[in-house]
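Peer 1: What follows is the file target.cif, containing mmCIF, C-alpha atoms:
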data_target
loop_
_atom_site.label_atom_id
_atom_site.label_comp_id
_atom_site.auth_asym_id
_atom_site.auth_seq_id
_atom_site.Cartn_x
_atom_site.Cartn_y
_atom_site.Cartn_z
CA MET O 12 74.62 83.31 54.59
CA VAL O 13 71.85 83.39 57.21
CA GLN O 14 73.10 82.21 60.60
CA SER O 15 72.02 78.77 61.82
CA LEU O 16 69.87 78.66 64.93
CA GLY O 17 71.39 75.29 65.86
CA ASN O 18 71.09 74.74 69.60
CA ILE O 19 71.12 78.42 70.60
CA ASP O 20 70.33 79.17 74.24
CA PHE O 21 68.40 82.42 73.89
CA GLN O 22 68.51 83.11 77.63
CA SER O 23 72.29 82.74 77.83
CA GLY O 24 72.28 85.19 74.96
CA THR O 25 72.74 85.51 71.23
CA VAL O 26 72.87 88.19 68.54
CA LEU O 27 70.35 87.87 65.68
CA CYS O 28 70.02 89.85 62.46
CA PHE O 29 66.65 90.66 60.89
CA ASP O 30 65.47 92.34 57.71
CA LYS O 31 62.82 94.74 59.03
CA PRO O 32 59.66 94.96 56.91
CA LEU O 33 58.27 98.29 55.74
CA ASP O 34 56.01 100.08 58.27
CA TRP O 35 57.29 98.01 61.22
CA THR O 36 59.05 99.82 64.04
CA SER O 37 62.26 98.41 65.48
CA PHE O 38 60.31 97.66 68.65
CA ASP O 39 57.78 95.70 66.56
CA VAL O 40 60.68 93.46 65.53
CA VAL O 41 61.90 93.11 69.13
CA ASN O 42 58.42 92.31 70.44
CA LYS O 43 57.71 89.80 67.66
CA VAL O 44 61.06 88.04 68.17
CA ARG O 45 60.53 87.87 71.94
CA TRP O 46 57.02 86.47 71.47
CA MET O 47 58.14 83.84 68.95
CA ILE O 48 61.05 82.63 71.08
CA CYS O 49 59.04 82.51 74.30
CA LYS O 50 56.18 80.69 72.58
CA ASN O 51 58.36 78.06 70.87
CA HIS O 52 60.68 77.47 73.84
CA LYS O 53 58.07 77.88 76.58
CA ILE O 54 60.04 80.70 78.22
CA LYS O 55 58.06 82.96 80.57
CA LYS O 56 60.38 85.96 80.47
CA LEU O 57 63.21 86.92 78.10
CA LYS O 58 65.27 90.09 77.74
CA VAL O 59 65.40 91.24 74.11
CA GLY O 60 66.67 94.54 72.70
CA HIS O 61 67.91 96.08 69.45
CA THR O 62 71.14 97.93 68.68
CA GLY O 63 69.70 100.90 66.79
CA THR O 64 66.31 102.27 65.75
CA LEU O 65 65.24 102.05 62.11
CA ASP O 66 62.39 104.30 60.99
CA PRO O 67 59.02 102.67 60.16
CA LYS O 68 59.31 103.88 56.54
CA ALA O 69 62.73 102.24 56.22
CA THR O 70 63.56 98.58 55.65
CA GLY O 71 66.66 96.56 56.28
CA LEU O 72 68.99 95.43 58.99
CA VAL O 73 67.97 95.42 62.65
CA VAL O 74 70.37 93.65 65.02
CA VAL O 75 68.60 92.04 67.99
CA CYS O 76 70.23 90.77 71.19
CA THR O 77 68.65 88.27 73.58
CA GLY O 78 69.31 87.28 77.18
CA LYS O 79 72.75 88.16 78.52
CA ALA O 80 73.83 89.37 75.07
CA THR O 81 71.75 92.51 75.69
CA LYS O 82 74.75 93.71 77.73
CA THR O 83 76.62 94.16 74.44
CA ILE O 84 74.03 96.53 72.93
CA GLU O 85 75.89 99.75 73.83
CA THR O 86 79.08 98.42 72.23
CA LEU O 87 77.26 97.28 69.09
CA GLN O 88 75.59 100.70 68.78
CA LEU O 89 79.01 102.26 68.17
CA GLU O 90 79.62 100.26 64.98
CA ASP O 91 79.33 102.08 61.67
CA LYS O 92 76.23 101.70 59.55
CA GLU O 93 75.55 101.68 55.82
CA TYR O 94 72.35 102.83 54.12
CA VAL O 95 70.98 103.07 50.60
CA ALA O 96 68.75 106.14 50.48
CA THR O 97 66.36 107.18 47.72
CA LEU O 98 65.58 110.92 47.64
CA LYS O 99 63.11 112.99 45.71
CA LEU O 100 64.52 116.40 44.78
CA GLY O 101 62.28 119.43 44.33
CA ALA O 102 59.89 118.92 47.23
CA THR O 103 59.74 118.62 51.03
CA THR O 104 57.59 116.95 53.67
CA PRO O 105 57.38 117.80 57.39
CA SER O 106 58.75 114.36 58.36
CA PHE O 107 61.46 114.41 55.64
CA ASP O 108 60.04 111.10 54.32
CA LEU O 109 56.77 109.52 53.14
CA GLU O 110 55.11 109.55 56.57
CA THR O 111 53.64 112.97 55.74
CA GLU O 112 52.42 114.64 52.55
CA GLU O 113 54.45 117.11 50.49
CA ASP O 114 54.13 120.63 51.85
CA HIS O 115 56.28 122.57 49.33
CA THR O 116 57.66 122.12 45.82
CA TYR O 117 60.64 123.90 44.25
CA ASN O 118 62.31 124.59 40.91
CA THR O 119 65.02 122.04 40.01
CA ASN O 120 66.18 123.43 36.65
CA HIS O 121 69.57 124.32 38.12
CA ILE O 122 70.29 120.82 39.52
CA THR O 123 73.12 118.83 37.93
CA ARG O 124 75.09 115.76 39.05
CA GLU O 125 78.18 117.96 39.38
CA LEU O 126 76.36 120.35 41.73
CA ILE O 127 75.09 117.44 43.84
CA GLU O 128 78.60 115.96 44.12
CA GLN O 129 79.96 119.36 45.12
CA LYS O 130 77.36 119.84 47.85
CA LEU O 131 77.71 116.26 49.15
CA ASN O 132 81.37 116.92 49.96
CA ASN O 133 80.19 119.33 52.67
CA PHE O 134 78.50 116.47 54.55
CA ILE O 135 81.50 114.15 54.79
CA GLY O 136 83.33 114.08 58.12
CA GLU O 137 82.18 115.23 61.55
CA ILE O 138 79.27 117.65 61.16
CA ASP O 139 76.46 119.18 63.20
CA GLN O 140 73.06 117.67 62.40
CA VAL O 141 69.62 118.58 63.74
CA PRO O 142 67.49 115.43 64.19
CA PRO O 143 64.00 115.27 62.63
CA VAL O 144 61.12 116.30 64.90
CA PHE O 145 59.44 113.12 63.67
CA SER O 146 61.90 110.96 65.63
CA ALA O 147 62.10 108.83 68.77
CA ILE O 148 64.30 111.33 70.62
CA LYS O 149 62.94 112.05 74.08
CA VAL O 150 61.94 115.61 75.01
CA ASN O 151 60.65 116.16 78.56
CA GLY O 152 59.95 112.45 78.89
CA LYS O 153 58.01 112.17 75.62
CA ARG O 154 59.09 111.09 72.15
CA ALA O 155 59.62 113.98 69.74
CA PHE O 156 57.28 112.38 67.19
CA ASP O 157 54.42 112.60 69.72
CA PHE O 158 54.79 116.39 69.74
CA ALA O 159 55.21 116.54 65.95
CA ARG O 160 52.19 114.34 65.21
CA GLY O 161 50.18 116.47 67.63
CA GLY O 162 51.02 119.55 65.58
CA LYS O 163 53.19 121.17 68.27
CA GLU O 164 56.20 123.30 67.40
CA LEU O 165 59.47 121.73 68.55
CA GLU O 166 63.11 122.71 68.12
CA LEU O 167 65.77 120.06 68.63
CA GLU O 168 69.43 120.85 69.23
CA ALA O 169 72.10 119.92 66.71
CA ARG O 170 74.28 116.91 67.47
CA LYS O 171 77.76 115.95 66.33
CA ILE O 172 77.62 113.02 63.89
CA LEU O 173 80.13 111.37 61.57
CA ILE O 174 79.54 110.56 57.91
CA SER O 175 82.52 108.71 56.46
CA GLU O 176 81.32 108.11 52.92
CA ILE O 177 78.61 109.22 50.49
CA GLU O 178 78.36 107.79 46.98
CA ILE O 179 75.88 108.62 44.23
CA VAL O 180 74.44 105.29 43.10
CA GLU O 181 71.96 106.71 40.59
CA PHE O 182 70.75 110.15 39.53
CA ASN O 183 67.72 110.61 37.30
CA MET O 184 65.72 113.72 38.14
CA PRO O 185 63.90 114.00 40.42
CA GLN O 186 65.28 110.78 41.93
CA LEU O 187 68.66 110.55 43.63
CA ILE O 188 69.97 107.31 45.17
CA LEU O 189 72.86 107.52 47.65
CA ARG O 190 74.93 105.00 49.56
CA VAL O 191 75.89 106.43 52.95
CA THR O 192 78.29 105.09 55.58
CA CYS O 193 77.95 106.82 58.93
CA GLY O 194 78.29 106.57 62.70
CA LYS O 195 75.90 106.44 65.63
CA GLY O 196 73.08 109.00 65.82
CA THR O 197 73.02 109.91 62.11
CA TYR O 198 69.59 110.57 60.63
CA ILE O 199 69.49 109.97 56.87
CA ARG O 200 66.21 111.90 56.75
CA SER O 201 68.03 114.93 58.14
CA LEU O 202 70.77 114.45 55.56
CA ALA O 203 68.08 114.51 52.85
CA ARG O 204 66.62 117.71 54.31
CA ASP O 205 70.01 119.39 54.63
CA LEU O 206 71.12 118.38 51.12
CA GLY O 207 67.86 119.75 49.73
CA GLU O 208 68.46 123.06 51.50
CA SER O 209 72.04 123.17 50.26
CA LEU O 210 70.88 122.55 46.69
CA GLU O 211 68.11 125.16 47.14
CA CYS O 212 65.50 122.76 45.79
CA GLY O 213 64.26 120.78 48.80
CA ALA O 214 64.48 116.99 49.17
CA TYR O 215 63.00 114.14 51.17
CA LEU O 216 63.36 110.38 51.46
CA THR O 217 61.11 108.15 49.38
CA GLY O 218 62.99 105.02 50.42
CA LEU O 219 65.64 103.96 52.91
CA ARG O 220 67.31 100.59 53.44
CA ARG O 221 69.93 99.81 56.08
CA THR O 222 72.34 97.36 54.50
CA ARG O 223 75.06 96.95 57.14
CA ILE O 224 75.89 97.42 60.84
CA GLY O 225 79.55 96.70 61.53
CA SER O 226 80.26 93.28 60.01
CA ASN O 227 76.57 92.29 59.94
CA ARG O 228 74.97 92.57 56.50
CA VAL O 229 71.29 92.54 55.54
CA GLU O 230 71.77 89.79 52.94
CA ASN O 231 72.63 87.46 55.83
CA ALA O 232 69.64 88.50 57.95
CA TRP O 233 66.52 86.54 58.83
CA SER O 234 63.11 87.50 57.53
CA ILE O 235 60.50 87.37 60.29
CA GLU O 236 58.70 84.54 58.46
CA ASN O 237 61.78 82.35 57.99
CA PHE O 238 62.89 82.86 61.57
CA GLU O 239 59.51 81.69 62.83
CA LYS O 240 59.62 78.59 60.57
CA ASN O 241 63.13 77.67 61.71
CA LEU O 242 62.26 78.19 65.37
CA ALA O 243 59.56 75.56 65.01
CA LEU O 244 62.18 73.07 63.77
CA MET O 245 64.47 73.48 66.80
#
Taking this structure as input, can you express it in the form of structure tokens?

Peer 2:
Amino acid sequence: MVQSLGNIDFQSGTVLCFDKPLDWTSFDVVNKVRWMICKNHKIKKLKVGHTGTLDPKATGLVVVCTGKATKTIETLQLEDKEYVATLKLGATTPSFDLETEEDHTYNTNHITRELIEQKLNNFIGEIDQVPPVFSAIKVNGKRAFDFARGGKELELEARKILISEIEIVEFNMPQLILRVTCGKGTYIRSLARDLGESLECGAYLTGLRRTRIGSNRVENAWSIENFEKNLALM
């Protein structure tokens, strides 16, 4: 059930859940929410932040904090997250998703569900993961994606991440759909890349949806359009 706006004091602080549209950045959501609230409530300045970046080519849950609730962002970032990821096996892209074109294709005749399940077991638990170069990680004061989109070579260091659960939802070559539960700092695009390498066939994301952060679920989130309509009724 979508939360009621009621008589929320956005400056005192509240936590809001949104279903991010495709091709929006998480900051697009933050900026739009800030603009809508300030416009409707005639507020000159309002602190607004999100609890975890979601890639532009992904959709789903973005948790937004306003006012004094922004102090809880670091705590909320530690909550586990759930994703539904759609992968294409047998090809790769530089960004590990649809942001860039396929650069290589591979033979998939050896791929079976049993082999995929076997390889997925290697990614459960605490593992080292190298983030995508097409990411918002800062390198020398700049975002990594700025270097990547400029065609510059960049090597990022591996980070410890935790994946607690991976389930095959559907497998129909070349498409593989996974449900993944993981901790802070996990890149599902990197998981797709690493699984493709492990299977020796390449893989990249063709779709990604964040369905849960802690106890917050996407089915209870606001769409941008409905939030704006309900704001006008306050």

Peer 1: Quick one: residues within 10 Å of region 86-90 of chain O, only C-alpha atoms, excluding same-chain residues fewer than 4 positions away - as number ranges by chain?

Peer 2: O: 61-64, 74, 76, 81-82, 193-196, 223-227

Peer 1: Determine the residue membership of the PyMOL selection byres ((chain O and resi 21) around 9) for the file above and supply it as a list in words.

Peer 2: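 Evaluating the PyMOL selection byres ((chain O and resi 21) around 9) on these coordinates yields Ile19, Asp20, Gln22, Ser23, Gly24, Thr25, Ile48, Leu57, Cys76, Thr77, Gly78, Lys79 and Ala80 of chain O.
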
Peer 1: Quick one, how far is CA of Lys130 (chain O) from CA of Gly71 (chain O)?

Peer 2: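 Taking CA of Lys130 (chain O) and CA of Gly71 (chain O), their separation equals 27.0 Å.
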
Peer 1: Take the PyMOL selection byres ((chain O and resi 36-47) around 7), run it mentally on this structure, and tell me the resulting residues as an mmCIF file with C-alpha atoms, in the coordinates of the input.

Peer 2:
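Output (expr19.cif):
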data_model
loop_
_atom_site.group_PDB
_atom_site.id
_atom_site.type_symbol
_atom_site.label_atom_id
_atom_site.label_comp_id
_atom_site.auth_asym_id
_atom_site.auth_seq_id
_atom_site.Cartn_x
_atom_site.Cartn_y
_atom_site.Cartn_z
ATOM 1 C CA LYS O 31 62.820 94.740 59.030
ATOM 2 C CA ASP O 34 56.010 100.080 58.270
ATOM 3 C CA TRP O 35 57.290 98.010 61.220
ATOM 4 C CA ILE O 48 61.050 82.630 71.080
ATOM 5 C CA CYS O 49 59.040 82.510 74.300
ATOM 6 C CA LYS O 50 56.180 80.690 72.580
ATOM 7 C CA ASN O 51 58.360 78.060 70.870
ATOM 8 C CA LEU O 57 63.210 86.920 78.100
ATOM 9 C CA VAL O 59 65.400 91.240 74.110
ATOM 10 C CA GLY O 60 66.670 94.540 72.700
ATOM 11 C CA HIS O 61 67.910 96.080 69.450
ATOM 12 C CA THR O 64 66.310 102.270 65.750
ATOM 13 C CA LEU O 65 65.240 102.050 62.110
ATOM 14 C CA ASP O 66 62.390 104.300 60.990
ATOM 15 C CA PRO O 67 59.020 102.670 60.160
ATOM 16 C CA VAL O 75 68.600 92.040 67.990
ATOM 17 C CA GLU O 239 59.510 81.690 62.830
#

Peer 1: Which residues are close to region 172-182 of chain O, i.e. within 7 Å by only C-alpha atoms, leaving aside same-chain residues fewer than 4 positions away? Reply as a PyMOL selection string.

Peer 2: chain O and resi 134-140+186-194+196-197

Peer 1: Rank nothing, just name the residue among O:Cys28, O:Ile127, O:Leu216, O:Leu206 nearest to Phe107 (chain O), using only C-alpha atoms.

Peer 2: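 Closest to Phe107 (chain O) of all the choices is O:Leu216.
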
Peer 1: Please list, as number ranges by chain, the residues that have an atom at most 12 Å away from (59.2, 104.1, 47.7) in the coordinates of this file, counting all atoms listed in the file.

Peer 2: O: 33-34, 68-70, 96-99, 108-110, 186, 188, 215-220

Peer 1: Out of O:Thr119, O:Ser201, O:Lys171, O:Glu85, which residue has the shortest atom-to-atom distance to Pro142 (chain O) when counting all atoms listed in the file?

Peer 2: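 Checking each of O:Thr119, O:Ser201, O:Lys171, O:Glu85 against Pro142 (chain O), counting all atoms listed in the file, the winner is O:Ser201.
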
Peer 1: Suppose a student applies the PyMOL selection byres ((chain O and resi 210) around 9) to this structure; what residues should they get, written as an mmCIF file with C-alpha atoms, keeping the file's coordinate frame?

Peer 2:
data_model
loop_
_atom_site.group_PDB
_atom_site.id
_atom_site.type_symbol
_atom_site.label_atom_id
_atom_site.label_comp_id
_atom_site.auth_asym_id
_atom_site.auth_seq_id
_atom_site.Cartn_x
_atom_site.Cartn_y
_atom_site.Cartn_z
ATOM 1 C CA THR O 119 65.020 122.040 40.010
ATOM 2 C CA HIS O 121 69.570 124.320 38.120
ATOM 3 C CA ILE O 122 70.290 120.820 39.520
ATOM 4 C CA LEU O 126 76.360 120.350 41.730
ATOM 5 C CA ILE O 127 75.090 117.440 43.840
ATOM 6 C CA LYS O 130 77.360 119.840 47.850
ATOM 7 C CA ASP O 205 70.010 119.390 54.630
ATOM 8 C CA LEU O 206 71.120 118.380 51.120
ATOM 9 C CA GLY O 207 67.860 119.750 49.730
ATOM 10 C CA GLU O 208 68.460 123.060 51.500
ATOM 11 C CA SER O 209 72.040 123.170 50.260
ATOM 12 C CA GLU O 211 68.110 125.160 47.140
ATOM 13 C CA CYS O 212 65.500 122.760 45.790
ATOM 14 C CA GLY O 213 64.260 120.780 48.800
ATOM 15 C CA ALA O 214 64.480 116.990 49.170
#

Peer 1: To one decimal in Å, tell me the separation between CA of Leu100 (chain O) and CA of Arg221 (chain O).

Peer 2: 20.8 Å

Peer 1: Hey, can you check how far CA of Lys58 (chain O) sits from CA of Thr222 (chain O)?

Peer 2: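 Value for the CA of Lys58 (chain O)-CA of Thr222 (chain O) distance: 25.4 Å.
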